[in-house]
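**Q** There's a structure below that I have some questions on.
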Amino acid sequence: MRAASAEPRLRLTHLGVAVSSALTGIGMLLVLALAGMAISAVASASSAPERALAVIEARTPSSLALVTPPPPSPSSNPAPVAAPPPQPSPSPAPVPAVDAAGTVWLCRPGLPGNPCAGDLSTTAVAADGTRTVKPGSPTAGSPFDCFYAYPTVSEEPGTNADLTVQPQETEVATRQAAQFSKLCNVWAPMYRQRTMTQWPTTGFDADAAAVEYSSFSSAWNDYLAHFNGGRPIIFIGHSTGTTVLTELLQRVIDGNPTLRHRMVSALLMGGSPGGNFRNIPPCRSADQTSCVIGYNSYYGVPPATSEFGHPAGTTLCTNPAAPGGGPAALDPILVTKTNRPSGAPVSTPFVEYPGLYTAQCMTAGGATWLQILPAPSSPADPRPRLTEKGTPDWGLHADDVSLGLGNLLQDVQAQEAVYH
């Protein structure tokens with residue numbers, strides 16, 4: 001009985017092993033088949049890996065274990081990813097026209113549309129018509145500052161202008177001050193100057209003059225406190241600009257040794273700055289500093305009714321072409337669009353007429369002035385001559401700066417070279 005019962009159990013055991021092996025084989029085949037289907041589905045799908053894994057799990061019987069494929073080996077070479085292109089460094093923010101103290105700047109370094117900067121290239125035209133182009137651009141980070149006061153140009157109604165920058169101010173700043181930006185950082189505040197409308201109809205208005213100076217000196221105080229940084233200064237003014245700068249020098253600079261030393265020079269054209277200073281002398285040599293250059297330009301003796309050049313004892317005349325005295329050739333630099341030579345066109349924004357005039361300081365008839373003598377004309381000379389604007393009382397007042405601009409630049413360059 002024991003032997004008979006053992007044989008069926010052995011057969012069952014063999015059958016179980018066989019069935020188990022068969023099931024195991026079938027299971028493995030099923031796993032491989034399902035895995036292949038899932039991998040095929042993943043390869044054809046654009047969904048994320050997590051969704052592909054969910055598809056595999058959904059098609060796999062819960063009784064079967066699923067082996068997750070190992071991650072790619074470190075030796076795998078994924079498709080290269082292009083690096084983003086280098087980005088340019090951000091440009092510094094442009095400076096505002098109105099600063100924190102409320103000063104409105106016509107010109108200052110970094111000001112967008114700065115009329116005292118830009119293209120400074122010049123075409124020099126000789127008497128025989130020969131043209132020579134001189135490239136020019138503002139200097140960056142000069143150790144010297146220029147503080148410019150523009151003349152009376154405002155045509156606004158009323159006695160004092162507001163602080164709105166208008167074409168009249170930008171035009172005169174380009175004409176008179178822009179070339180100096182080759183030598184210095186030009187600062188020019190808007191100020192509440194007396195307007196053109198009062199000059200033909202009224203006399204001197206003390207209240208309007210007080211508003212004018214107060215506005216200008218406020219801008220100066222702002223500049224000195226927040227922007228100058230101890231740099232030496234060249235003052236530049238013309239006409240009313242000379243008036244407010246003369247008063248500023250009298251009140252603030254003349255009696256202050258520190259500021260007086262910081263003043264490289266003061267160029268005060270078209271006014272009467274002579275005799276107003278105790279400690280600031282006239283410039284009498286090209287390498288003298290802490291001094292004043294000033295003059296009023298005429299083709300002849302200023303009329304007795306002229307506002308400029310009188311009286312002789314209190315009017316300064318320094319020949320920009322020869323500070324030490326005597327006659328010398330001027331080097332006019334003018335805006336091309338209003339002073340074009342004849343013949344071939346000039347493409348630069350400025351034009352230069354070296355030697356077109358000779359200048360010499362004169363005193364006669366109770367007046368002191370800069371006598372302007374045109375060079376002899378010839379048919380070959382394409383350069384136009386300047387004309388007096390307005391009545392004879394004004395002489396060449398409108399072109400005081402332009403007439404000697406090339407010489408003034410040379411004077412300032414020489415002064416900067418010896419300043420210490």
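For the structure tokens, the naming scheme is as follows: chains receive sequential letters (A, B, ...) according to their order of presentation, residues are indexed from 1 within each chain, and ligands are indexed from 1 in presentation order.
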Do you know which residues are at most 12 Å from Val401 in chain A counting only C-alpha atoms, after dropping those on the same chain fewer than 4 positions away, and could you put them as an MDAnalysis selection string?
**A** chainID A and resid 150:151 172:180 236:239 241:242 267:271 293:297 319:320 330:335 396:397 405:409
**Q** Compile the contact shell of Leu183 in chain A as a list in words: residues with an atom at most 9 Å away, counting only C-alpha atoms, same-chain residues fewer than 5 positions apart removed.
**A**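 Everything that qualifies: Pro138, Thr139, Ser142, Phe144, Asp145, Cys146, Leu409, Val412, Gln413 and Glu416 of chain A.
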**Q** Quick one: residues within 9 Å of His310 in chain A, only C-alpha atoms, excluding same-chain residues fewer than 3 positions away - as a PyMOL selection string?
**A** chain A and resi 272+302+304-307+313-315+366-369
**Q** Using only N, CA and C atoms, please write the residues we just selected to a file, as a PDB file, in the first residue's frame.
**A**
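Writing the result to result.pdb gives the following:
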ATOM      1  N   SER A 272      30.950 143.058 -20.124  1.00  0.00           N
ATOM      2  CA  SER A 272      31.882 144.033 -19.553  1.00  0.00           C
ATOM      3  C   SER A 272      32.438 143.507 -18.238  1.00  0.00           C
ATOM      4  N   PRO A 302      33.145 151.274 -31.605  1.00  0.00           N
ATOM      5  CA  PRO A 302      31.747 151.112 -31.203  1.00  0.00           C
ATOM      6  C   PRO A 302      31.068 152.478 -31.051  1.00  0.00           C
ATOM      7  N   ALA A 304      28.868 155.514 -29.593  1.00  0.00           N
ATOM      8  CA  ALA A 304      28.722 155.951 -28.207  1.00  0.00           C
ATOM      9  C   ALA A 304      27.479 155.367 -27.556  1.00  0.00           C
ATOM     10  N   THR A 305      26.483 155.012 -28.359  1.00  0.00           N
ATOM     11  CA  THR A 305      25.238 154.446 -27.845  1.00  0.00           C
ATOM     12  C   THR A 305      25.299 152.941 -27.655  1.00  0.00           C
ATOM     13  N   SER A 306      26.426 152.346 -27.979  1.00  0.00           N
ATOM     14  CA  SER A 306      26.553 150.896 -27.882  1.00  0.00           C
ATOM     15  C   SER A 306      26.571 150.434 -26.431  1.00  0.00           C
ATOM     16  N   GLU A 307      25.945 149.309 -26.179  1.00  0.00           N
ATOM     17  CA  GLU A 307      25.944 148.728 -24.841  1.00  0.00           C
ATOM     18  C   GLU A 307      27.261 148.045 -24.527  1.00  0.00           C
ATOM     19  N   GLY A 313      37.423 152.192 -19.379  1.00  0.00           N
ATOM     20  CA  GLY A 313      38.176 151.820 -18.184  1.00  0.00           C
ATOM     21  C   GLY A 313      37.689 150.558 -17.500  1.00  0.00           C
ATOM     22  N   THR A 314      36.459 150.131 -17.761  1.00  0.00           N
ATOM     23  CA  THR A 314      35.918 148.949 -17.078  1.00  0.00           C
ATOM     24  C   THR A 314      35.569 147.826 -18.042  1.00  0.00           C
ATOM     25  N   THR A 315      36.013 147.919 -19.253  1.00  0.00           N
ATOM     26  CA  THR A 315      35.741 146.887 -20.239  1.00  0.00           C
ATOM     27  C   THR A 315      37.024 146.141 -20.556  1.00  0.00           C
ATOM     28  N   GLY A 366      36.541 156.545 -26.025  1.00  0.00           N
ATOM     29  CA  GLY A 366      35.888 156.132 -24.778  1.00  0.00           C
ATOM     30  C   GLY A 366      35.474 154.675 -24.766  1.00  0.00           C
ATOM     31  N   ALA A 367      35.951 153.891 -25.702  1.00  0.00           N
ATOM     32  CA  ALA A 367      35.562 152.484 -25.772  1.00  0.00           C
ATOM     33  C   ALA A 367      36.799 151.596 -25.898  1.00  0.00           C
ATOM     34  N   THR A 368      36.661 150.356 -25.461  1.00  0.00           N
ATOM     35  CA  THR A 368      37.679 149.326 -25.644  1.00  0.00           C
ATOM     36  C   THR A 368      37.012 148.135 -26.306  1.00  0.00           C
ATOM     37  N   TRP A 369      37.614 147.624 -27.379  1.00  0.00           N
ATOM     38  CA  TRP A 369      36.975 146.548 -28.128  1.00  0.00           C
ATOM     39  C   TRP A 369      38.025 145.725 -28.869  1.00  0.00           C
TER      40      TRP A 369
END
**Q** Taking only C-alpha atoms into account, name the residue in A:Ala219, A:Leu316, A:Ile372, A:Val153 that is nearest to Ala398 in chain A.
**A**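 For Ala398 in chain A, the nearest of the given residues is A:Val153.
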**Q** Return the single residue from A:Met190, A:Ile233, A:Cys361, A:Val346 that is closest to Arg131 in chain A, with distances computed using only C-alpha atoms.
**A**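 Between A:Met190, A:Ile233, A:Cys361, A:Val346, the residue approaching Arg131 in chain A most closely is A:Val346.
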**Q** What's around range 254-260 of chain A at 8 Å? Count only C-alpha atoms, leave out sequence neighbours fewer than 5 positions away in its own chain, and write the answer as a ChimeraX atom specification.
**A** /A:249,277-280,290
**Q** Using only C-alpha atoms, which residues sit within 8 Å of range 204-209 of chain A once same-chain residues fewer than 2 positions away are excluded, as a ChimeraX atom specification?
**A** /A:159-160,193-194,202,211-213
**Q** Suppose we keep C-alpha atoms; can you now write the selection as an mmCIF file, in the first residue's frame?
**A**
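This went into result39.cif:
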data_model
loop_
_atom_site.group_PDB
_atom_site.id
_atom_site.type_symbol
_atom_site.label_atom_id
_atom_site.label_comp_id
_atom_site.auth_asym_id
_atom_site.auth_seq_id
_atom_site.Cartn_x
_atom_site.Cartn_y
_atom_site.Cartn_z
ATOM 1 C CA THR A 159 10.339 139.211 -18.484
ATOM 2 C CA ASN A 160 11.869 135.868 -17.452
ATOM 3 C CA GLN A 193 17.077 134.497 -18.184
ATOM 4 C CA ARG A 194 15.525 137.799 -19.157
ATOM 5 C CA THR A 202 12.083 148.184 -21.577
ATOM 6 C CA VAL A 211 15.322 136.203 -10.798
ATOM 7 C CA GLU A 212 17.808 135.479 -13.577
ATOM 8 C CA TYR A 213 20.834 135.328 -11.286
#
**Q** Quick one: distance from CA of Cys291 in chain A to CA of Met263 in chain A in Å, one decimal?
**A**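 Computing it gives 8.0 Å between the two atoms.
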**Q** So which residues of range 301-386 of chain A fall under strand (DSSP E) by DSSP, listed as a list in words?
**A**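 Of range 301-386 of chain A, only Ala328, Ala329, Ile333, Leu334, Val335, Phe350, Val351, Glu352, Tyr357, Thr358, Ala359, Gln360, Cys361, Met362, Thr363, Ala364, Ala367, Thr368, Trp369, Leu370, Gln371, Ile372, Leu373 and Pro374 of chain A fall in strand (DSSP E).
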**Q** Since we have the selection now, will you write its residues out, keeping N, CA, C and O atoms, as a short mmCIF file (atom, residue, chain, number, x, y, z; two decimals), in the first residue's frame?
**A**
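Writing the result to again.cif gives the following:
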data_model
loop_
_atom_site.label_atom_id
_atom_site.label_comp_id
_atom_site.auth_asym_id
_atom_site.auth_seq_id
_atom_site.Cartn_x
_atom_site.Cartn_y
_atom_site.Cartn_z
N ALA A 328 46.87 139.53 -34.42
CA ALA A 328 47.09 138.11 -34.70
C ALA A 328 45.91 137.58 -35.49
O ALA A 328 44.80 138.14 -35.45
N ALA A 329 46.15 136.51 -36.22
CA ALA A 329 45.10 135.91 -37.06
C ALA A 329 44.11 135.12 -36.22
O ALA A 329 44.50 134.35 -35.34
N ILE A 333 35.46 129.27 -36.10
CA ILE A 333 34.77 127.99 -36.31
C ILE A 333 33.27 128.26 -36.20
O ILE A 333 32.80 128.79 -35.19
N LEU A 334 32.55 127.92 -37.25
CA LEU A 334 31.13 128.25 -37.33
C LEU A 334 30.32 127.02 -37.69
O LEU A 334 30.85 126.00 -38.16
N VAL A 335 29.01 127.10 -37.48
CA VAL A 335 28.11 126.03 -37.89
C VAL A 335 27.95 126.09 -39.40
O VAL A 335 27.66 127.14 -39.98
N PHE A 350 30.59 121.45 -38.80
CA PHE A 350 31.29 122.71 -38.53
C PHE A 350 32.25 123.03 -39.67
O PHE A 350 32.78 122.14 -40.33
N VAL A 351 32.47 124.34 -39.85
CA VAL A 351 33.40 124.80 -40.86
C VAL A 351 34.35 125.79 -40.21
O VAL A 351 33.96 126.57 -39.33
N GLU A 352 35.60 125.77 -40.63
CA GLU A 352 36.65 126.60 -40.04
C GLU A 352 37.30 127.45 -41.13
O GLU A 352 37.60 126.93 -42.21
N TYR A 357 40.27 136.52 -40.68
CA TYR A 357 40.28 137.81 -39.99
C TYR A 357 41.56 137.94 -39.18
O TYR A 357 42.15 136.95 -38.73
N THR A 358 41.94 139.19 -38.97
CA THR A 358 42.98 139.54 -38.00
C THR A 358 42.32 140.35 -36.90
O THR A 358 41.41 141.14 -37.17
N ALA A 359 42.78 140.16 -35.65
CA ALA A 359 42.16 140.86 -34.52
C ALA A 359 43.22 141.56 -33.67
O ALA A 359 44.37 141.09 -33.57
N GLN A 360 42.80 142.68 -33.07
CA GLN A 360 43.67 143.41 -32.15
C GLN A 360 42.81 144.23 -31.19
O GLN A 360 41.82 144.84 -31.61
N CYS A 361 43.19 144.24 -29.91
CA CYS A 361 42.47 145.06 -28.93
C CYS A 361 42.79 146.54 -29.17
O CYS A 361 43.96 146.91 -29.38
N MET A 362 41.75 147.35 -29.12
CA MET A 362 41.89 148.79 -29.37
C MET A 362 41.15 149.56 -28.29
O MET A 362 40.16 149.08 -27.73
N THR A 363 41.64 150.78 -28.03
CA THR A 363 40.95 151.72 -27.15
C THR A 363 40.93 153.08 -27.84
O THR A 363 41.99 153.62 -28.20
N ALA A 364 39.72 153.61 -28.03
CA ALA A 364 39.56 154.92 -28.66
C ALA A 364 38.13 155.36 -28.47
O ALA A 364 37.21 154.54 -28.32
N ALA A 367 35.95 153.89 -25.70
CA ALA A 367 35.56 152.48 -25.77
C ALA A 367 36.80 151.60 -25.90
O ALA A 367 37.86 152.03 -26.37
N THR A 368 36.66 150.36 -25.46
CA THR A 368 37.68 149.33 -25.64
C THR A 368 37.01 148.14 -26.31
O THR A 368 35.96 147.67 -25.86
N TRP A 369 37.61 147.62 -27.38
CA TRP A 369 36.98 146.55 -28.13
C TRP A 369 38.02 145.72 -28.87
O TRP A 369 39.19 146.10 -28.93
N LEU A 370 37.58 144.61 -29.44
CA LEU A 370 38.42 143.78 -30.29
C LEU A 370 38.16 144.16 -31.73
O LEU A 370 37.08 143.88 -32.28
N GLN A 371 39.14 144.82 -32.34
CA GLN A 371 39.01 145.26 -33.72
C GLN A 371 39.17 144.07 -34.67
O GLN A 371 40.16 143.34 -34.62
N ILE A 372 38.19 143.88 -35.54
CA ILE A 372 38.20 142.76 -36.48
C ILE A 372 38.50 143.31 -37.88
O ILE A 372 37.79 144.18 -38.38
N LEU A 373 39.56 142.79 -38.50
CA LEU A 373 39.95 143.21 -39.84
C LEU A 373 39.86 142.00 -40.78
O LEU A 373 40.63 141.04 -40.63
N PRO A 374 38.97 142.03 -41.76
CA PRO A 374 38.89 140.92 -42.71
C PRO A 374 40.14 140.86 -43.59
O PRO A 374 40.75 141.89 -43.91
#
**Q** When you look at Ala100 in chain A with a cut-off of 12 Å (counting only C-alpha atoms), what residues show up, excluding the ones that are within fewer than 4 positions of it in the same chain? I need them as a ChimeraX atom specification.
**A** /A:95-96,104-105,219,222-223,226-227
**Q** Apply DSSP to the backbone of this structure and, from range 92-229 of chain A, keep only the residues in alpha helix (DSSP H); write these as a PyMOL selection string.
**A** chain A and resi 167-176+206-226
**Q** Looking at A:Leu120, A:Leu224, A:Ala266, A:Leu403, which one is nearest to Gln288 in chain A, with distances taken over only C-alpha atoms?
**A**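 Closest to Gln288 in chain A of all the choices is A:Ala266.
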**Q** I'd like the interatomic distance between CA of Pro273 in chain A and CA of Thr246 in chain A, to a tenth of an Å.
**A**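 Distance reported for this atom pair: 6.1 Å.
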**Q** Excluding Gln168 in chain A and its own-chain neighbours fewer than 6 positions away, which residues fall within 10 Å of it when counting only C-alpha atoms? Please give them as a ChimeraX atom specification.
**A** /A:152-155
**Q** Create the file for the chosen residues now, containing all heavy atoms and written as a PDB file, in the first residue's frame.
**A**
ATOM      1  N   THR A 152      21.261 135.634 -24.206  1.00  0.00           N
ATOM      2  CA  THR A 152      19.820 135.841 -24.309  1.00  0.00           C
ATOM      3  C   THR A 152      19.319 135.347 -25.661  1.00  0.00           C
ATOM      4  O   THR A 152      19.683 135.886 -26.712  1.00  0.00           O
ATOM      5  CB  THR A 152      19.466 137.328 -24.151  1.00  0.00           C
ATOM      6  OG1 THR A 152      19.910 137.770 -22.866  1.00  0.00           O
ATOM      7  CG2 THR A 152      17.967 137.546 -24.253  1.00  0.00           C
ATOM      8  N   VAL A 153      18.502 134.302 -25.625  1.00  0.00           N
ATOM      9  CA  VAL A 153      17.939 133.748 -26.856  1.00  0.00           C
ATOM     10  C   VAL A 153      16.442 133.471 -26.724  1.00  0.00           C
ATOM     11  O   VAL A 153      15.760 133.255 -27.723  1.00  0.00           O
ATOM     12  CB  VAL A 153      18.653 132.446 -27.274  1.00  0.00           C
ATOM     13  CG1 VAL A 153      20.088 132.726 -27.690  1.00  0.00           C
ATOM     14  CG2 VAL A 153      18.610 131.408 -26.154  1.00  0.00           C
ATOM     15  N   SER A 154      15.928 133.490 -25.502  1.00  0.00           N
ATOM     16  CA  SER A 154      14.529 133.106 -25.290  1.00  0.00           C
ATOM     17  C   SER A 154      13.580 134.140 -25.880  1.00  0.00           C
ATOM     18  O   SER A 154      13.726 135.343 -25.655  1.00  0.00           O
ATOM     19  CB  SER A 154      14.233 132.945 -23.795  1.00  0.00           C
ATOM     20  OG  SER A 154      12.863 132.686 -23.585  1.00  0.00           O
ATOM     21  N   GLU A 155      12.606 133.636 -26.628  1.00  0.00           N
ATOM     22  CA  GLU A 155      11.572 134.491 -27.209  1.00  0.00           C
ATOM     23  C   GLU A 155      10.224 134.316 -26.494  1.00  0.00           C
ATOM     24  O   GLU A 155       9.186 134.688 -27.024  1.00  0.00           O
ATOM     25  CB  GLU A 155      11.432 134.175 -28.701  1.00  0.00           C
ATOM     26  CG  GLU A 155      12.710 134.451 -29.492  1.00  0.00           C
ATOM     27  CD  GLU A 155      12.596 134.053 -30.953  1.00  0.00           C
ATOM     28  OE1 GLU A 155      11.519 133.566 -31.349  1.00  0.00           O
ATOM     29  OE2 GLU A 155      13.585 134.222 -31.691  1.00  0.00           O
TER      30      GLU A 155
END
**Q** Using only C-alpha atoms, can you tell me which of A:Pro379, A:Gly141, A:Gly355, A:Gly102 comes closest to Ser215 in chain A?
**A**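 The closest residue to Ser215 in chain A is A:Gly102.
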